[in-house]
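Peer 1: The following file, query_37.cif, comprises mmCIF, C-alpha atoms and all ligand atoms:
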data_model
#
loop_
_atom_site.label_atom_id
_atom_site.label_comp_id
_atom_site.auth_asym_id
_atom_site.auth_seq_id
_atom_site.Cartn_x
_atom_site.Cartn_y
_atom_site.Cartn_z
CA MET A 234 13.04 6.88 -9.66
CA LYS A 235 11.41 5.80 -12.92
CA ILE A 236 8.23 7.71 -13.82
CA ILE A 237 5.54 6.21 -16.04
CA VAL A 238 2.64 8.43 -17.15
CA ASP A 239 -0.36 6.81 -18.85
CA THR A 240 -4.09 6.15 -18.49
CA PRO A 241 -5.26 4.41 -15.30
CA GLU A 242 -6.14 1.27 -17.31
CA LYS A 243 -2.74 1.07 -18.99
CA LEU A 244 -0.93 1.78 -15.70
CA ALA A 245 -2.77 -1.13 -14.07
CA GLN A 246 -1.68 -3.41 -16.93
CA LEU A 247 1.94 -2.23 -16.81
CA ALA A 248 2.17 -2.52 -13.03
CA ALA A 249 0.57 -5.99 -13.15
CA GLN A 250 3.32 -7.12 -15.51
CA ARG A 251 5.87 -6.41 -12.77
CA TYR A 252 4.09 -9.05 -10.65
CA VAL A 253 4.00 -11.49 -13.55
CA GLU A 254 7.76 -11.10 -14.08
CA LEU A 255 8.62 -11.22 -10.39
CA LEU A 256 6.51 -14.31 -9.66
CA LYS A 257 7.86 -16.09 -12.74
CA ASN A 258 11.43 -15.61 -11.47
CA LYS A 259 10.59 -16.01 -7.79
CA PRO A 260 7.30 -17.87 -7.19
CA ASN A 261 7.67 -17.50 -3.41
CA ALA A 262 8.12 -13.70 -3.59
CA VAL A 263 7.07 -11.52 -0.65
CA LEU A 264 4.60 -8.85 -1.76
CA GLY A 265 3.69 -5.69 0.14
CA TYR A 266 0.13 -4.60 -0.60
CA ALA A 267 -1.85 -1.41 -0.06
CA THR A 268 -5.53 -0.52 0.28
CA GLY A 269 -7.50 2.53 -0.91
CA SER A 270 -9.22 3.19 -4.21
CA THR A 271 -5.98 3.61 -6.19
CA PRO A 272 -4.86 -0.06 -6.36
CA LEU A 273 -8.28 -1.41 -7.40
CA GLY A 274 -7.45 -1.36 -11.12
CA LEU A 275 -4.22 -3.23 -10.50
CA TYR A 276 -5.96 -5.79 -8.26
CA GLY A 277 -8.58 -6.37 -10.94
CA GLU A 278 -5.84 -6.94 -13.49
CA LEU A 279 -3.94 -9.33 -11.18
CA ALA A 280 -7.13 -11.34 -10.64
CA ARG A 281 -7.73 -11.46 -14.39
CA LEU A 282 -4.17 -12.61 -15.12
CA ASN A 283 -4.41 -15.21 -12.36
CA ALA A 284 -7.66 -16.59 -13.77
CA ALA A 285 -6.07 -16.68 -17.24
CA GLY A 286 -3.20 -18.76 -15.85
CA GLU A 287 -0.62 -16.06 -16.59
CA VAL A 288 0.51 -15.62 -12.99
CA SER A 289 0.28 -17.68 -9.84
CA PHE A 290 0.38 -16.49 -6.24
CA ALA A 291 0.27 -20.03 -4.83
CA GLU A 292 3.73 -19.77 -3.27
CA ALA A 293 3.70 -16.04 -2.50
CA THR A 294 3.47 -14.34 0.89
CA THR A 295 1.92 -10.91 1.39
CA PHE A 296 2.15 -8.17 3.99
CA ASN A 297 -0.26 -5.25 3.96
CA LEU A 298 0.81 -1.77 4.93
CA ASP A 299 -1.75 -0.96 7.56
CA GLU A 300 -5.03 -1.57 9.38
CA TYR A 301 -7.45 0.50 11.45
CA VAL A 302 -7.16 0.11 15.20
CA GLY A 303 -10.41 -1.22 16.68
CA LEU A 304 -11.84 -2.94 13.61
CA GLU A 305 -12.09 -6.73 13.45
CA GLY A 306 -11.05 -8.30 10.14
CA THR A 307 -14.71 -9.10 9.50
CA HIS A 308 -15.73 -5.41 9.63
CA ASP A 309 -16.53 -4.29 6.10
CA GLN A 310 -14.26 -1.25 6.42
CA SER A 311 -11.29 -3.16 7.80
CA TYR A 312 -8.36 -3.51 5.47
CA ARG A 313 -8.33 -7.29 5.99
CA TYR A 314 -11.90 -7.37 4.63
CA PHE A 315 -10.90 -5.07 1.75
CA MET A 316 -7.98 -7.27 0.75
CA ASN A 317 -9.99 -10.50 0.92
CA LYS A 318 -12.79 -9.01 -1.15
CA ASN A 319 -10.71 -7.17 -3.75
CA LEU A 320 -7.78 -9.52 -4.19
CA PHE A 321 -7.15 -12.54 -1.96
CA ASP A 322 -10.53 -14.20 -2.61
CA LYS A 323 -9.95 -13.79 -6.36
CA ILE A 324 -6.47 -15.28 -6.69
CA ASP A 325 -4.82 -18.59 -5.84
CA ILE A 326 -2.94 -17.29 -2.80
CA LYS A 327 -3.05 -19.35 0.39
CA LYS A 328 -4.93 -17.25 2.95
CA GLU A 329 -2.52 -18.30 5.68
CA ASN A 330 0.27 -16.63 3.70
CA THR A 331 -1.50 -13.26 3.70
CA ASN A 332 -0.68 -10.84 6.51
CA VAL A 333 -2.56 -7.69 7.46
CA PRO A 334 -1.62 -6.01 10.75
CA CYS A 335 -4.14 -6.84 13.48
CA GLY A 336 -6.04 -3.79 14.67
CA ILE A 337 -7.33 -5.33 17.89
CA ASP A 338 -5.54 -4.77 21.22
CA MET A 339 -2.60 -3.32 19.33
CA THR A 340 0.39 -1.78 21.10
CA ASN A 341 3.63 -0.39 19.66
CA GLU A 342 5.45 -3.41 21.09
CA LYS A 343 3.14 -5.86 19.33
CA ALA A 344 3.23 -3.76 16.17
CA ALA A 345 7.03 -3.97 15.94
CA GLN A 346 6.66 -7.79 15.72
CA TYR A 347 5.27 -7.20 12.23
CA ASP A 348 8.72 -6.05 11.08
CA LYS A 349 10.20 -9.22 12.57
CA ALA A 350 7.66 -11.33 10.64
CA ILE A 351 8.56 -9.52 7.41
CA GLU A 352 12.24 -10.15 8.07
CA ALA A 353 11.59 -13.81 8.88
CA ALA A 354 9.78 -14.17 5.54
CA GLY A 355 12.89 -12.89 3.77
CA GLY A 356 11.96 -9.21 3.41
CA ILE A 357 9.55 -7.59 0.97
CA ASP A 358 10.46 -8.00 -2.70
CA LEU A 359 7.89 -5.60 -4.12
CA GLN A 360 5.96 -3.04 -2.08
CA LEU A 361 2.91 -1.30 -3.52
CA LEU A 362 2.18 2.25 -2.33
CA GLY A 363 -0.48 4.89 -2.81
CA ILE A 364 -0.30 8.39 -1.38
CA GLY A 365 -2.58 10.49 0.81
CA HIS A 366 -3.25 14.15 0.05
CA ASN A 367 -0.92 15.07 2.92
CA GLY A 368 1.87 12.86 1.53
CA HIS A 369 1.31 9.88 3.79
CA ILE A 370 2.46 6.43 2.70
CA GLY A 371 0.77 3.65 4.59
CA PHE A 372 -0.60 5.62 7.51
CA ASN A 373 2.69 7.41 8.11
CA GLU A 374 1.39 10.92 8.55
CA PRO A 375 3.55 14.07 8.16
CA GLY A 376 6.24 14.23 10.84
CA THR A 377 6.70 10.44 11.13
CA PRO A 378 10.44 9.76 11.58
CA PHE A 379 12.15 8.11 8.61
CA GLY A 380 13.55 5.51 11.05
CA SER A 381 10.10 4.33 12.17
CA VAL A 382 9.09 0.65 12.12
CA THR A 383 5.53 -0.70 12.34
CA HIS A 384 3.70 1.36 14.96
CA VAL A 385 0.38 2.70 16.19
CA VAL A 386 -0.59 5.99 14.53
CA ASP A 387 -2.97 8.81 15.45
CA LEU A 388 -4.70 9.67 12.18
CA THR A 389 -4.73 13.31 11.12
CA GLU A 390 -7.93 15.22 10.54
CA SER A 391 -7.20 15.28 6.80
CA THR A 392 -6.96 11.46 6.67
CA ILE A 393 -10.08 10.99 8.82
CA ASN A 394 -11.99 13.36 6.52
CA ALA A 395 -10.67 11.61 3.38
CA ASN A 396 -11.78 8.21 4.72
CA ALA A 397 -15.17 9.36 6.04
CA ARG A 398 -16.68 8.55 2.63
CA PHE A 399 -16.44 4.85 3.46
CA PHE A 400 -18.28 5.11 6.81
CA GLU A 401 -21.86 6.01 7.70
CA SER A 402 -20.75 9.01 9.74
CA ILE A 403 -17.41 10.72 10.35
CA ASN A 404 -17.76 9.65 14.01
CA ASP A 405 -17.46 6.02 12.90
CA VAL A 406 -14.04 6.56 11.28
CA PRO A 407 -11.33 5.07 13.51
CA THR A 408 -8.91 7.69 14.85
CA GLN A 409 -5.95 5.34 15.07
CA ALA A 410 -4.29 2.80 12.82
CA VAL A 411 -1.34 0.46 12.88
CA SER A 412 1.05 1.03 10.01
CA MET A 413 4.34 -0.22 8.67
CA GLY A 414 6.89 2.48 9.41
CA ILE A 415 8.86 4.48 6.88
CA LYS A 416 11.89 2.30 7.49
CA THR A 417 9.78 -0.85 6.98
CA VAL A 418 8.65 0.49 3.59
CA MET A 419 12.14 1.65 2.59
CA ASN A 420 13.52 -1.84 3.36
CA ALA A 421 11.50 -3.28 0.45
CA ARG A 422 13.78 -4.26 -2.45
CA SER A 423 11.53 -2.62 -5.04
CA ILE A 424 8.59 -0.25 -4.81
CA ILE A 425 5.65 0.40 -7.12
CA PHE A 426 3.96 3.70 -6.37
CA ILE A 427 0.60 4.60 -7.95
CA ALA A 428 -1.28 7.92 -7.88
CA LEU A 429 -4.34 8.80 -9.95
CA GLY A 430 -6.36 11.97 -10.41
CA ALA A 431 -5.89 15.73 -10.37
CA ASP A 432 -6.38 15.90 -6.61
CA LYS A 433 -3.05 14.07 -6.21
CA ALA A 434 -1.09 16.34 -8.60
CA GLU A 435 0.12 18.78 -5.93
CA ILE A 436 1.40 16.11 -3.55
CA VAL A 437 2.94 14.06 -6.38
CA LYS A 438 4.93 17.14 -7.39
CA LYS A 439 6.14 17.62 -3.82
CA MET A 440 7.03 13.95 -3.54
CA ILE A 441 9.10 13.89 -6.73
CA CYS A 442 10.50 17.42 -6.95
CA GLY A 443 10.32 18.75 -3.41
CA GLU A 444 12.62 18.60 -0.43
CA VAL A 445 13.11 15.19 1.20
CA THR A 446 11.47 15.79 4.56
CA PRO A 447 9.36 13.88 7.11
CA GLU A 448 6.76 16.64 6.55
CA VAL A 449 6.11 14.96 3.18
CA PRO A 450 6.54 11.29 4.09
CA ALA A 451 6.47 10.09 0.46
CA SER A 452 9.45 12.34 -0.38
CA VAL A 453 11.63 9.69 1.29
CA LEU A 454 11.10 7.59 -1.85
CA GLN A 455 13.60 9.87 -3.62
CA LEU A 456 16.21 8.03 -1.52
CA HIS A 457 15.12 4.51 -2.51
CA PRO A 458 17.21 2.81 -5.24
CA ASP A 459 14.32 1.06 -7.05
CA VAL A 460 11.02 2.95 -7.26
CA GLU A 461 8.65 2.96 -10.21
CA VAL A 462 6.10 5.78 -10.11
CA TYR A 463 2.89 5.05 -12.06
CA ILE A 464 0.80 8.20 -12.48
CA ASP A 465 -2.01 9.17 -14.80
CA HIS A 466 -1.96 12.39 -16.82
CA ALA A 467 -4.01 14.25 -14.23
CA ALA A 468 -1.73 13.32 -11.32
CA ALA A 469 1.29 14.25 -13.49
CA SER A 470 -0.15 17.59 -14.57
CA LEU A 471 2.06 19.75 -12.30
CA LEU A 472 5.34 18.02 -13.12
P1 LIG B 501 -6.67 6.37 -2.10
O1 LIG B 501 -5.82 6.39 -0.75
O2 LIG B 501 -6.05 5.33 -2.96
O3 LIG B 501 -8.06 5.99 -1.67
O4 LIG B 501 -6.57 7.74 -2.69
C1 LIG B 501 -4.43 6.45 -0.84
C2 LIG B 501 -3.83 6.66 0.53
O5 LIG B 501 -4.41 7.35 1.37
O6 LIG B 501 -2.72 6.12 0.76
#
Using structure tokens, write down the structure that the file contains.
Peer 2:
Amino acid sequence: MKIIVDTPEKLAQLAAQRYVELLKNKPNAVLGYATGSTPLGLYGELARLNAAGEVSFAEATTFNLDEYVGLEGTHDQSYRYFMNKNLFDKIDIKKENTNVPCGIDMTNEKAAQYDKAIEAAGGIDLQLLGIGHNGHIGFNEPGTPFGSVTHVVDLTESTINANARFFESINDVPTQAVSMGIKTVMNARSIIFIALGADKAEIVKKMICGEVTPEVPASVLQLHPDVEVYIDHAAASLL
């Protein structure tokens, strides 16, 4: 695990360079993307580099980590909407090559097809991850088996509370999601992990220095051969 500590702006630039390098060597790379506030700096930087002609996504394929169950892709809190607005509409990617799990009429059986689609695309070259305060990656909440593939998830109270800020009322926050499993994430060839802010310091410490346990889903990353951890000074403050 390689750890990079810097300002959020510099981290976004450094992480973006990984995409520039990867897509230069492999224009048809398969990219795993994440939602949340953490990747916004990186997405802004990727859009800027794309507009400047320094990177092209024209041949790339993407798979997002997760989606809320019950929200159409046109809902402004769906992760499909988020990705279109914050990245896909701003870069030269072909929309048909972007995949976000479908949150409508989802079952575990249908969800597992997502892993098959990832495999058929050649597997994920570079997976981006953030972390929840409870250690979740994607929507893999504490206790999710390390062998899990894409599946339907009951969101924990902590996650529902954390996401309530994006909805009019906490009652509007979906209580389920569909998420890549831990095994799906661990199958990626390389992983970029980003965490920003003092409120992530405790869980970042557990992830990097704590026991590898399903109770802290992100701790599984200690077992992955190629993870780069991008954290700002506040998130690194307990290391
Ligand atoms: P955040 O979410 O980037 O909005 O903090 C991260 C996550 O819950 O995975």
Peer 1: Out of A:Asn297, A:Ile427, A:Glu305, A:Asp358, which residue has the shortest atom-to-atom distance to Pro272 in chain A when counting all atoms listed in the file?
Peer 2: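 When distances to Pro272 in chain A are compared using all atoms listed in the file, the smallest one comes from A:Ile427.
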Peer 1: Between A:Asp325, A:Glu242, A:Asp432, A:Asp459, single out the one closest to Gln360 in chain A, counting all atoms listed in the file.
Peer 2: A:Asp459
Peer 1: Write out as JSON, numbers by chain each polymer residue whose atoms come within 10 Å of Lys323 in chain A, counting all atoms listed in the file; drop sequence neighbours fewer than 4 positions from it.
Peer 2: {"A": [276, 277, 279, 280, 281, 283, 284, 316, 317, 318, 319]}
Peer 1: Residues of chain A that approach ligand LIG 501 (chain B) to 6 Å or less, counting all atoms listed in the file: could you list each one with the shortest pair of atoms and its distance in Å to one decimal, rows by chain and increasing residue number, as JSON lines?
Peer 2:
{"residue": "A:Gly269", "atom": "CA", "partner": "B:LIG501", "partner_atom": "O3", "distance": 3.6}
{"residue": "A:Ser270", "atom": "CA", "partner": "B:LIG501", "partner_atom": "O3", "distance": 4.0}
{"residue": "A:Thr271", "atom": "CA", "partner": "B:LIG501", "partner_atom": "O2", "distance": 3.7}
{"residue": "A:Gly363", "atom": "CA", "partner": "B:LIG501", "partner_atom": "O6", "distance": 4.4}
{"residue": "A:Ile364", "atom": "CA", "partner": "B:LIG501", "partner_atom": "O6", "distance": 3.9}
{"residue": "A:Gly365", "atom": "CA", "partner": "B:LIG501", "partner_atom": "O5", "distance": 3.7}
{"residue": "A:Ile370", "atom": "CA", "partner": "B:LIG501", "partner_atom": "O6", "distance": 5.5}
{"residue": "A:Gly371", "atom": "CA", "partner": "B:LIG501", "partner_atom": "O6", "distance": 5.7}
Peer 1: Okay, now the selection with C-alpha atoms, as a compact mmCIF listing (two decimals), keeping the file's coordinate frame?
Peer 2:
# COMPACT_ATOMS: atom_id res chain seq x y z
CA GLY A 269 -7.50 2.53 -0.91
CA SER A 270 -9.22 3.19 -4.21
CA THR A 271 -5.98 3.61 -6.19
CA GLY A 363 -0.48 4.89 -2.81
CA ILE A 364 -0.30 8.39 -1.38
CA GLY A 365 -2.58 10.49 0.81
CA ILE A 370 2.46 6.43 2.70
CA GLY A 371 0.77 3.65 4.59
Peer 1: Sort by chain and increasing residue number a table of all residues of range 245-325 of chain A within 12 Å of range 381-400 of chain A, each with its closest pair of atoms and their distance in Å to one decimal, counting all atoms listed in the file, and write it as a Markdown table.
Peer 2:
| residue | atom | partner | partner_atom | distance |
| --- | --- | --- | --- | --- |
| A:Thr268 | CA | A:Asn396 | CA | 11.6 |
| A:Gly269 | CA | A:Asn396 | CA | 9.1 |
| A:Ser270 | CA | A:Asn396 | CA | 10.6 |
| A:Phe296 | CA | A:Thr383 | CA | 11.7 |
| A:Asn297 | CA | A:Thr383 | CA | 11.2 |
| A:Leu298 | CA | A:Thr383 | CA | 8.9 |
| A:Asp299 | CA | A:Thr383 | CA | 8.7 |
| A:Glu300 | CA | A:Val385 | CA | 9.7 |
| A:Tyr301 | CA | A:Val386 | CA | 9.3 |
| A:Val302 | CA | A:Val385 | CA | 8.0 |
| A:Gly303 | CA | A:Val385 | CA | 11.5 |
| A:His308 | CA | A:Phe400 | CA | 11.2 |
| A:Asp309 | CA | A:Phe399 | CA | 9.5 |
| A:Gln310 | CA | A:Phe399 | CA | 7.1 |
| A:Ser311 | CA | A:Phe399 | CA | 10.5 |
| A:Tyr312 | CA | A:Phe399 | CA | 11.8 |
| A:Phe315 | CA | A:Phe399 | CA | 11.5 |
Peer 1: Between A:Gly380, A:Pro241, A:Gly443, A:Gly368, single out the one closest to Leu429 in chain A, counting only C-alpha atoms.
Peer 2: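 For Leu429 in chain A, the nearest of the given residues is A:Pro241.
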Peer 1: Quick one: 3 Å padding each side, axis-aligned, all listed atoms of range 293-296 of chain A - centre and edge lengths in Å to one decimal, as AutoDock Vina command-line options?
Peer 2:
--center_x 2.8 --center_y -12.1 --center_z 0.7 --size_x 7.8 --size_y 13.9 --size_z 12.5
Peer 1: Suppose you want the space between CA of Thr331 in chain A and CA of Glu254 in chain A; what is it in Å?
Peer 2: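 Taking CA of Thr331 in chain A as the start and CA of Glu254 in chain A as the end point, the length is 20.2 Å.
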Peer 1: Suppose you want the space between CA of Lys343 in chain A and CA of Leu361 in chain A; what is it in Å?
Peer 2: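 Value for the CA of Lys343 in chain A-CA of Leu361 in chain A distance: 23.3 Å.
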Peer 1: To one decimal place, how far is CA of Leu275 in chain A from CA of Ala249 in chain A in Å?
Peer 2: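 A separation of 6.1 Å between them.
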Peer 1: Please determine, counting all atoms listed in the file, which residue among A:His457, A:Lys259, A:His466, A:Lys416 has the shortest atom-to-atom distance to Ala428 in chain A.
Peer 2: A:His466
Peer 1: Determine, counting all atoms listed in the file, which protein, DNA and RNA residues have an atom within 10 Å of an atom of Pro378 in chain A; residues of the same chain fewer than 3 positions away are not included. Present the result as a ChimeraX atom specification.
Peer 2: /A:373-375,381-382,414-416,446-448,450
Peer 1: Place a sphere of radius 10 Å on (0.5, -17.3, -11.7) in the file coordinates and name every protein, DNA or RNA residue with an atom inside or on its surface, counting all atoms listed in the file; give the answer as JSON, numbers by chain.
Peer 2: {"A": [252, 253, 254, 256, 257, 260, 279, 280, 282, 283, 284, 285, 286, 287, 288, 289, 290, 291, 292, 293, 324, 325, 326]}
Peer 1: Anything within 9 Å of (16.5, 9.4, 2.5): list those residues as a list in words, counting all atoms listed in the file and sticking to the file's coordinates.
Peer 2: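 Those within range, by chain then number, are Phe379, Met419, Val445, Thr446, Ser452, Val453, Leu454, Gln455, Leu456 and His457 of chain A.
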